[in-house]
Amino acid sequence: MRLDPDVTGVAGILFDLTISEGGDSLEPDAAPEQPVLEARGVWCVFGGDEPAAIDLARGGADRQHIASETGGVVAVRDVSFSVRRGESFIVMGLSGSGKSTLLRCLVRLLEPTAGEVVLDGVNLLDLGPDELREVRRHRIAMVFQHFGLFPHRSVLDNVTYGLEVQGVDRGSRISVGLDALDQVGLADWADHFPQQLSGGMQQRVGLARALAVEPEVLFFDEPFSALDPLIRRDMQDELLALQRSRRRTVVFVTHDFDEALKLGDRIAIMKDGAFDQVGTPVQLVTEPGSDYVREFTRDVPMTKVVTVGAVVRPDPERGSSQATLEPVADETPLEQVLPLLLSSDAPVPVTGAGGRYLGVIDRDAVRMLLSGSGPP
């Protein structure tokens, strides 16, 4: 079942708005730019009669029937989506749903049976081995669950390996590598070796290695799933901090719905090789499109995923409330602001990028959101 991410209902209050410099009106954002990455009707069938398997799948046959009739296993079933520049797109699903297979098809570690994978207008499936190698060296980077670090190389040399393969001179490699290590908080560990680092630190090295090549798209395949819960949370926070400071285009695969909600601008929930629903965290929680999605979302409090920016309203007095309360960022989860709203009758000022004043949030806005009545 494929659903349009622009669902209606409570999630419909989350429309993209930009407050004009004069502060008196709301104008819609400019038309979005072309996506960086597109998957168009991607299929992946393992073994058997592949065309027959696809025909049966298009007719609605399940995996078991297709396997018995054709000897093939449909791992990815007609998946299409696009990723905007700077967006974190999460593919979430249980084991066997096809999410990791899909990611490997996107980077051609596995060859899709059918479809197209387009990176900045270029269909990667049309590229020969040499052209594909150049794309992997310069335009994409991958981070996997297993760190894949070279034990005989220092941390810095592990981070700069991709630049070395590109032929970048050592002086430039060192400069870029140290900057990448600084981004992940490991600047002081450049001369150590991987076995001297904890698991979380080794995964940071893997992330720094990916960042060092300045990729157009970062692909993550369950990178934090082998880490202890506290270290995993730290790595999630690290990735979020990197996204705030140096926005990257990210495709991230996980089986953890809480992780998907925390990291994703949009989330695709995958089942039996296909996307069951695609939407923002708020859209999925407030408007689950199937029983399968509802199972993931039923225990998630709305205030955990709704941000302050979703219920901000213009302030006719142009920020006078800032005299009594400190402003909060528009990306702040609503649950973090509730104690402040409950303890004061004053509206809370809200700021956006660069500290620009956007408006206020108050109790009425939250009450109407939670009741499903829409914006105040």
# chains A, B, ... in the order shown; residues from 1 in each chain; ligands from 1
>>> residues_around(residues="Asp345 of chain A", least_positions_apart="4", cutoff="10 Å", atoms="only C-alpha atoms", output="list of chain:residue names")
A:Leu340, A:Leu341, A:Asp362, A:Arg363
>>> write_last_selection(atoms="all heavy atoms", output="PDB file, in the first residue's frame")
ATOM      1  N   LEU A 340       7.053  24.765  30.722  1.00  0.00           N
ATOM      2  CA  LEU A 340       7.103  26.221  30.702  1.00  0.00           C
ATOM      3  C   LEU A 340       5.715  26.815  30.460  1.00  0.00           C
ATOM      4  O   LEU A 340       5.316  27.792  31.094  1.00  0.00           O
ATOM      5  CB  LEU A 340       8.078  26.690  29.626  1.00  0.00           C
ATOM      6  CG  LEU A 340       8.409  28.182  29.558  1.00  0.00           C
ATOM      7  CD1 LEU A 340       8.993  28.657  30.879  1.00  0.00           C
ATOM      8  CD2 LEU A 340       9.381  28.451  28.412  1.00  0.00           C
ATOM      9  N   LEU A 341       4.963  26.195  29.545  1.00  0.00           N
ATOM     10  CA  LEU A 341       3.616  26.677  29.258  1.00  0.00           C
ATOM     11  C   LEU A 341       2.672  26.484  30.447  1.00  0.00           C
ATOM     12  O   LEU A 341       1.783  27.295  30.687  1.00  0.00           O
ATOM     13  CB  LEU A 341       3.060  25.959  28.031  1.00  0.00           C
ATOM     14  CG  LEU A 341       3.711  26.292  26.691  1.00  0.00           C
ATOM     15  CD1 LEU A 341       3.198  25.361  25.607  1.00  0.00           C
ATOM     16  CD2 LEU A 341       3.455  27.739  26.311  1.00  0.00           C
ATOM     17  N   ASP A 362       1.516  29.226  22.655  1.00  0.00           N
ATOM     18  CA  ASP A 362       0.820  29.360  23.929  1.00  0.00           C
ATOM     19  C   ASP A 362      -0.017  28.115  24.206  1.00  0.00           C
ATOM     20  O   ASP A 362      -0.057  27.172  23.413  1.00  0.00           O
ATOM     21  CB  ASP A 362      -0.043  30.623  23.951  1.00  0.00           C
ATOM     22  CG  ASP A 362      -1.043  30.676  22.791  1.00  0.00           C
ATOM     23  OD1 ASP A 362      -1.374  29.587  22.248  1.00  0.00           O
ATOM     24  OD2 ASP A 362      -1.475  31.775  22.427  1.00  0.00           O
ATOM     25  N   ARG A 363      -0.701  28.140  25.351  1.00  0.00           N
ATOM     26  CA  ARG A 363      -1.469  26.967  25.757  1.00  0.00           C
ATOM     27  C   ARG A 363      -2.575  26.630  24.768  1.00  0.00           C
ATOM     28  O   ARG A 363      -2.865  25.462  24.495  1.00  0.00           O
ATOM     29  CB  ARG A 363      -2.089  27.221  27.131  1.00  0.00           C
ATOM     30  CG  ARG A 363      -1.090  27.311  28.270  1.00  0.00           C
ATOM     31  CD  ARG A 363      -1.830  27.574  29.570  1.00  0.00           C
ATOM     32  NE  ARG A 363      -0.915  27.784  30.680  1.00  0.00           N
ATOM     33  CZ  ARG A 363      -1.317  28.076  31.909  1.00  0.00           C
ATOM     34  NH1 ARG A 363      -2.615  28.200  32.161  1.00  0.00           N
ATOM     35  NH2 ARG A 363      -0.446  28.263  32.883  1.00  0.00           N
TER      36      ARG A 363
END
>>> select_by_dssp(residues="segment 149-315 of chain A", states="strand (DSSP E)", output="list in words")
Val217, Leu218, Phe219, Phe220, Asp221, Thr249, Val250, Val251, Phe252, Val253, Thr254, Arg266, Ile267, Ala268, Ile269, Met270, Lys271, Ala274, Phe275, Asp276, Gln277, Val278 and Gly279 of chain A
>>> residues_around(residues="Gly41 of chain A", least_positions_apart="2", cutoff="7 Å", atoms="only C-alpha atoms", output="PyMOL selection string")
chain A and resi 39+43+78-80+115-116
>>> write_last_selection(atoms="all heavy atoms", output="PDB file, in the first residue's frame")
ATOM      1  N   ALA A  39      14.669   7.341  -6.537  1.00  0.00           N
ATOM      2  CA  ALA A  39      14.478   5.939  -6.905  1.00  0.00           C
ATOM      3  C   ALA A  39      13.177   5.864  -7.684  1.00  0.00           C
ATOM      4  O   ALA A  39      12.153   6.388  -7.242  1.00  0.00           O
ATOM      5  CB  ALA A  39      14.415   5.058  -5.662  1.00  0.00           C
ATOM      6  N   TRP A  43      13.059  -2.496  -8.374  1.00  0.00           N
ATOM      7  CA  TRP A  43      12.766  -3.879  -8.012  1.00  0.00           C
ATOM      8  C   TRP A  43      14.075  -4.620  -7.775  1.00  0.00           C
ATOM      9  O   TRP A  43      15.085  -4.329  -8.427  1.00  0.00           O
ATOM     10  CB  TRP A  43      12.020  -4.605  -9.130  1.00  0.00           C
ATOM     11  CG  TRP A  43      10.625  -4.144  -9.397  1.00  0.00           C
ATOM     12  CD1 TRP A  43      10.249  -3.041 -10.100  1.00  0.00           C
ATOM     13  CD2 TRP A  43       9.418  -4.788  -8.988  1.00  0.00           C
ATOM     14  NE1 TRP A  43       8.882  -2.947 -10.154  1.00  0.00           N
ATOM     15  CE2 TRP A  43       8.338  -4.014  -9.482  1.00  0.00           C
ATOM     16  CE3 TRP A  43       9.143  -5.945  -8.256  1.00  0.00           C
ATOM     17  CZ2 TRP A  43       7.009  -4.364  -9.261  1.00  0.00           C
ATOM     18  CZ3 TRP A  43       7.810  -6.301  -8.036  1.00  0.00           C
ATOM     19  CH2 TRP A  43       6.767  -5.511  -8.527  1.00  0.00           C
ATOM     20  N   ASP A  78       8.975  -2.463  -6.428  1.00  0.00           N
ATOM     21  CA  ASP A  78       8.479  -1.251  -7.080  1.00  0.00           C
ATOM     22  C   ASP A  78       8.546  -0.029  -6.161  1.00  0.00           C
ATOM     23  O   ASP A  78       7.547   0.658  -5.938  1.00  0.00           O
ATOM     24  CB  ASP A  78       7.038  -1.471  -7.552  1.00  0.00           C
ATOM     25  CG  ASP A  78       6.580  -0.398  -8.546  1.00  0.00           C
ATOM     26  OD1 ASP A  78       7.455   0.257  -9.153  1.00  0.00           O
ATOM     27  OD2 ASP A  78       5.359  -0.215  -8.691  1.00  0.00           O
ATOM     28  N   VAL A  79       9.727   0.274  -5.643  1.00  0.00           N
ATOM     29  CA  VAL A  79       9.907   1.376  -4.702  1.00  0.00           C
ATOM     30  C   VAL A  79      10.295   2.646  -5.449  1.00  0.00           C
ATOM     31  O   VAL A  79      11.231   2.655  -6.248  1.00  0.00           O
ATOM     32  CB  VAL A  79      10.977   1.033  -3.645  1.00  0.00           C
ATOM     33  CG1 VAL A  79      11.352   2.279  -2.836  1.00  0.00           C
ATOM     34  CG2 VAL A  79      10.469  -0.069  -2.728  1.00  0.00           C
ATOM     35  N   SER A  80       9.578   3.719  -5.177  1.00  0.00           N
ATOM     36  CA  SER A  80       9.876   5.036  -5.749  1.00  0.00           C
ATOM     37  C   SER A  80       9.859   6.081  -4.640  1.00  0.00           C
ATOM     38  O   SER A  80       8.968   6.074  -3.798  1.00  0.00           O
ATOM     39  CB  SER A  80       8.851   5.430  -6.825  1.00  0.00           C
ATOM     40  OG  SER A  80       8.864   4.532  -7.907  1.00  0.00           O
ATOM     41  N   GLY A 115      14.148  -0.729 -12.792  1.00  0.00           N
ATOM     42  CA  GLY A 115      13.999   0.595 -12.227  1.00  0.00           C
ATOM     43  C   GLY A 115      15.187   1.502 -12.505  1.00  0.00           C
ATOM     44  O   GLY A 115      16.087   1.155 -13.280  1.00  0.00           O
ATOM     45  N   GLU A 116      15.182   2.650 -11.881  1.00  0.00           N
ATOM     46  CA  GLU A 116      16.246   3.637 -12.049  1.00  0.00           C
ATOM     47  C   GLU A 116      16.627   4.214 -10.685  1.00  0.00           C
ATOM     48  O   GLU A 116      15.782   4.355  -9.806  1.00  0.00           O
ATOM     49  CB  GLU A 116      15.783   4.799 -12.949  1.00  0.00           C
ATOM     50  CG  GLU A 116      15.466   4.417 -14.372  1.00  0.00           C
ATOM     51  CD  GLU A 116      15.043   5.623 -15.203  1.00  0.00           C
ATOM     52  OE1 GLU A 116      14.514   6.598 -14.620  1.00  0.00           O
ATOM     53  OE2 GLU A 116      15.239   5.594 -16.426  1.00  0.00           O
TER      54      GLU A 116
END
>>> residues_around(residues="segment 170-187 of chain A", least_positions_apart="2", cutoff="9 Å", atoms="only C-alpha atoms", output="ChimeraX atom specification")
/A:155-161,163-164,167-168,189-190,201,204-205,207-213,238-239,242
>>> closest_residue(among="A:Val337, A:Leu103, A:Leu132, A:Leu149", to="Thr254 of chain A", atoms="only C-alpha atoms")
A:Leu103
>>> residues_around(residues="Ala268 of chain A", least_positions_apart="2", cutoff="7 Å", atoms="only C-alpha atoms", output="NGL selection string")
:A and (90-92 or 266 or 270 or 275 or 277-279)
>>> write_last_selection(atoms="N, CA, C and O atoms", output="short mmCIF file (atom, residue, chain, number, x, y, z; two decimals), in the first residue's frame")
data_model
loop_
_atom_site.label_atom_id
_atom_site.label_comp_id
_atom_site.auth_asym_id
_atom_site.auth_seq_id
_atom_site.Cartn_x
_atom_site.Cartn_y
_atom_site.Cartn_z
N ILE A 90 14.66 8.57 6.20
CA ILE A 90 14.84 7.33 6.94
C ILE A 90 14.01 6.22 6.32
O ILE A 90 12.82 6.41 6.02
N VAL A 91 14.63 5.06 6.11
CA VAL A 91 13.91 3.86 5.67
C VAL A 91 13.86 2.93 6.88
O VAL A 91 14.90 2.44 7.35
N MET A 92 12.66 2.72 7.40
CA MET A 92 12.48 1.96 8.63
C MET A 92 11.64 0.72 8.35
O MET A 92 10.66 0.77 7.61
N ARG A 266 11.83 12.93 6.98
CA ARG A 266 10.74 12.07 6.50
C ARG A 266 11.13 10.62 6.74
O ARG A 266 12.31 10.28 6.75
N MET A 270 8.71 0.39 5.69
CA MET A 270 8.78 -0.64 4.66
C MET A 270 8.25 -1.97 5.19
O MET A 270 8.50 -2.34 6.34
N PHE A 275 7.08 0.20 0.22
CA PHE A 275 6.80 1.26 1.18
C PHE A 275 5.32 1.22 1.56
O PHE A 275 4.45 1.31 0.71
N GLN A 277 4.02 3.39 4.03
CA GLN A 277 3.65 4.80 4.19
C GLN A 277 4.92 5.64 4.26
O GLN A 277 5.94 5.21 4.79
N VAL A 278 4.84 6.85 3.70
CA VAL A 278 5.94 7.81 3.75
C VAL A 278 5.39 9.11 4.31
O VAL A 278 4.33 9.58 3.89
N GLY A 279 6.11 9.71 5.25
CA GLY A 279 5.66 10.97 5.79
C GLY A 279 6.63 11.52 6.82
O GLY A 279 7.63 10.88 7.15
#
>>> residues_around(residues="Ala353 of chain A", least_positions_apart="2", cutoff="12 Å", atoms="only C-alpha atoms", output="list in words")
Thr18, Ile19, Arg244, Ser245, Gly309, Val328, Ala329, Asp330, Glu331, Val350, Thr351, Gly355, Arg356, Tyr357 and Leu358 of chain A
>>> write_last_selection(atoms="N, CA, C and O atoms", output="PDB file, in the first residue's frame")
ATOM      1  N   THR A  18       6.929  30.758   5.811  1.00  0.00           N
ATOM      2  CA  THR A  18       8.058  31.647   6.056  1.00  0.00           C
ATOM      3  C   THR A  18       7.524  33.006   6.418  1.00  0.00           C
ATOM      4  O   THR A  18       6.688  33.562   5.711  1.00  0.00           O
ATOM      5  N   ILE A  19       7.957  33.540   7.546  1.00  0.00           N
ATOM      6  CA  ILE A  19       7.525  34.866   7.950  1.00  0.00           C
ATOM      7  C   ILE A  19       8.365  35.901   7.226  1.00  0.00           C
ATOM      8  O   ILE A  19       9.583  35.834   7.224  1.00  0.00           O
ATOM      9  N   ARG A 244      22.715  19.886  12.030  1.00  0.00           N
ATOM     10  CA  ARG A 244      22.416  21.289  12.323  1.00  0.00           C
ATOM     11  C   ARG A 244      23.536  22.213  11.857  1.00  0.00           C
ATOM     12  O   ARG A 244      23.279  23.326  11.395  1.00  0.00           O
ATOM     13  N   SER A 245      24.774  21.763  11.976  1.00  0.00           N
ATOM     14  CA  SER A 245      25.903  22.637  11.656  1.00  0.00           C
ATOM     15  C   SER A 245      26.311  22.562  10.187  1.00  0.00           C
ATOM     16  O   SER A 245      26.677  23.573   9.586  1.00  0.00           O
ATOM     17  N   GLY A 309       7.750  24.667  16.175  1.00  0.00           N
ATOM     18  CA  GLY A 309       7.477  25.367  14.927  1.00  0.00           C
ATOM     19  C   GLY A 309       6.168  24.978  14.283  1.00  0.00           C
ATOM     20  O   GLY A 309       5.617  25.735  13.473  1.00  0.00           O
ATOM     21  N   VAL A 328      12.513  29.908  22.504  1.00  0.00           N
ATOM     22  CA  VAL A 328      12.890  28.530  22.196  1.00  0.00           C
ATOM     23  C   VAL A 328      12.979  28.389  20.685  1.00  0.00           C
ATOM     24  O   VAL A 328      12.290  29.095  19.940  1.00  0.00           O
ATOM     25  N   ALA A 329      13.822  27.458  20.230  1.00  0.00           N
ATOM     26  CA  ALA A 329      13.994  27.231  18.799  1.00  0.00           C
ATOM     27  C   ALA A 329      12.802  26.493  18.224  1.00  0.00           C
ATOM     28  O   ALA A 329      12.160  25.677  18.901  1.00  0.00           O
ATOM     29  N   ASP A 330      12.489  26.777  16.968  1.00  0.00           N
ATOM     30  CA  ASP A 330      11.314  26.176  16.347  1.00  0.00           C
ATOM     31  C   ASP A 330      11.416  24.659  16.214  1.00  0.00           C
ATOM     32  O   ASP A 330      10.406  23.975  16.094  1.00  0.00           O
ATOM     33  N   GLU A 331      12.627  24.117  16.251  1.00  0.00           N
ATOM     34  CA  GLU A 331      12.799  22.667  16.106  1.00  0.00           C
ATOM     35  C   GLU A 331      12.703  21.930  17.444  1.00  0.00           C
ATOM     36  O   GLU A 331      12.822  20.711  17.504  1.00  0.00           O
ATOM     37  N   VAL A 350       9.293  32.207  19.920  1.00  0.00           N
ATOM     38  CA  VAL A 350       9.887  31.150  19.110  1.00  0.00           C
ATOM     39  C   VAL A 350      10.819  31.777  18.080  1.00  0.00           C
ATOM     40  O   VAL A 350      10.464  32.757  17.418  1.00  0.00           O
ATOM     41  N   THR A 351      12.001  31.200  17.947  1.00  0.00           N
ATOM     42  CA  THR A 351      12.967  31.678  16.959  1.00  0.00           C
ATOM     43  C   THR A 351      13.296  30.574  15.967  1.00  0.00           C
ATOM     44  O   THR A 351      13.213  29.384  16.279  1.00  0.00           O
ATOM     45  N   GLY A 355      18.387  32.667  14.800  1.00  0.00           N
ATOM     46  CA  GLY A 355      17.766  33.398  15.904  1.00  0.00           C
ATOM     47  C   GLY A 355      16.676  34.354  15.480  1.00  0.00           C
ATOM     48  O   GLY A 355      16.242  35.203  16.275  1.00  0.00           O
ATOM     49  N   ARG A 356      16.193  34.237  14.227  1.00  0.00           N
ATOM     50  CA  ARG A 356      15.159  35.148  13.734  1.00  0.00           C
ATOM     51  C   ARG A 356      13.828  34.895  14.440  1.00  0.00           C
ATOM     52  O   ARG A 356      13.385  33.759  14.563  1.00  0.00           O
ATOM     53  N   TYR A 357      13.191  35.958  14.896  1.00  0.00           N
ATOM     54  CA  TYR A 357      11.931  35.852  15.630  1.00  0.00           C
ATOM     55  C   TYR A 357      10.812  35.410  14.700  1.00  0.00           C
ATOM     56  O   TYR A 357      10.593  35.996  13.637  1.00  0.00           O
ATOM     57  N   LEU A 358      10.084  34.353  15.094  1.00  0.00           N
ATOM     58  CA  LEU A 358       9.014  33.809  14.264  1.00  0.00           C
ATOM     59  C   LEU A 358       7.618  34.094  14.812  1.00  0.00           C
ATOM     60  O   LEU A 358       6.667  34.197  14.048  1.00  0.00           O
TER      61      LEU A 358
END
>>> residues_around(residues="Ser82 of chain A", least_positions_apart="2", cutoff="8 Å", atoms="only C-alpha atoms", output="ChimeraX atom specification")
/A:35-39,80,84
>>> closest_residue(among="A:Leu218, A:Ala365, A:Val305, A:Val300", to="Lys262 of chain A", atoms="only C-alpha atoms")
A:Val305
>>> select_by_dssp(residues="segment 43-292 of chain A", states="alpha helix (DSSP H)", output="MDAnalysis selection string")
chainID A and resid 50:58 63:70 99:106 129:138 155:159 161:166 170:183 199:212 229:245 257:263 281:286 291:292
>>> closest_atom_pairs(of="segment 246-365 of chain A", to="segment 51-61 of chain A", cutoff="12 Å", atoms="only C-alpha atoms", output="JSON lines")
{"residue": "A:Asp272", "atom": "CA", "partner": "A:Ala57", "partner_atom": "CA", "distance": 10.9}
{"residue": "A:Gly273", "atom": "CA", "partner": "A:Ala57", "partner_atom": "CA", "distance": 10.5}
{"residue": "A:Ala274", "atom": "CA", "partner": "A:Ala57", "partner_atom": "CA", "distance": 10.7}
>>> write_last_selection(atoms="N, CA, C and O atoms", output="PDB file, in the first residue's frame")
ATOM      1  N   ASP A 272       7.466  -6.033   3.513  1.00  0.00           N
ATOM      2  CA  ASP A 272       7.445  -6.996   2.397  1.00  0.00           C
ATOM      3  C   ASP A 272       8.000  -6.395   1.118  1.00  0.00           C
ATOM      4  O   ASP A 272       7.461  -6.611   0.022  1.00  0.00           O
ATOM      5  N   GLY A 273       9.066  -5.605   1.240  1.00  0.00           N
ATOM      6  CA  GLY A 273       9.751  -5.085   0.064  1.00  0.00           C
ATOM      7  C   GLY A 273       9.190  -3.803  -0.500  1.00  0.00           C
ATOM      8  O   GLY A 273       9.754  -3.259  -1.456  1.00  0.00           O
ATOM      9  N   ALA A 274       8.088  -3.288   0.055  1.00  0.00           N
ATOM     10  CA  ALA A 274       7.455  -2.083  -0.481  1.00  0.00           C
ATOM     11  C   ALA A 274       7.279  -1.050   0.620  1.00  0.00           C
ATOM     12  O   ALA A 274       7.332  -1.365   1.815  1.00  0.00           O
TER      13      ALA A 274
END
>>> closest_residue(among="A:Glu326, A:Ala67, A:Val312, A:Glu287", to="Gly359 of chain A", atoms="only C-alpha atoms")
A:Val312
>>> atom_distance(atom1="atom CA of Pro112 of chain A", atom2="atom CA of Val45 of chain A")
7.8 Å
>>> atom_distance(atom1="atom CA of Glu87 of chain A", atom2="atom CA of Arg248 of chain A")
6.9 Å
>>> atom_distance(atom1="atom CA of Phe219 of chain A", atom2="atom CA of Arg104 of chain A")
9.3 Å
>>> closest_residue(among="A:Met235, A:Leu109, A:Met142, A:Leu230", to="Pro129 of chain A", atoms="only C-alpha atoms")
A:Leu109
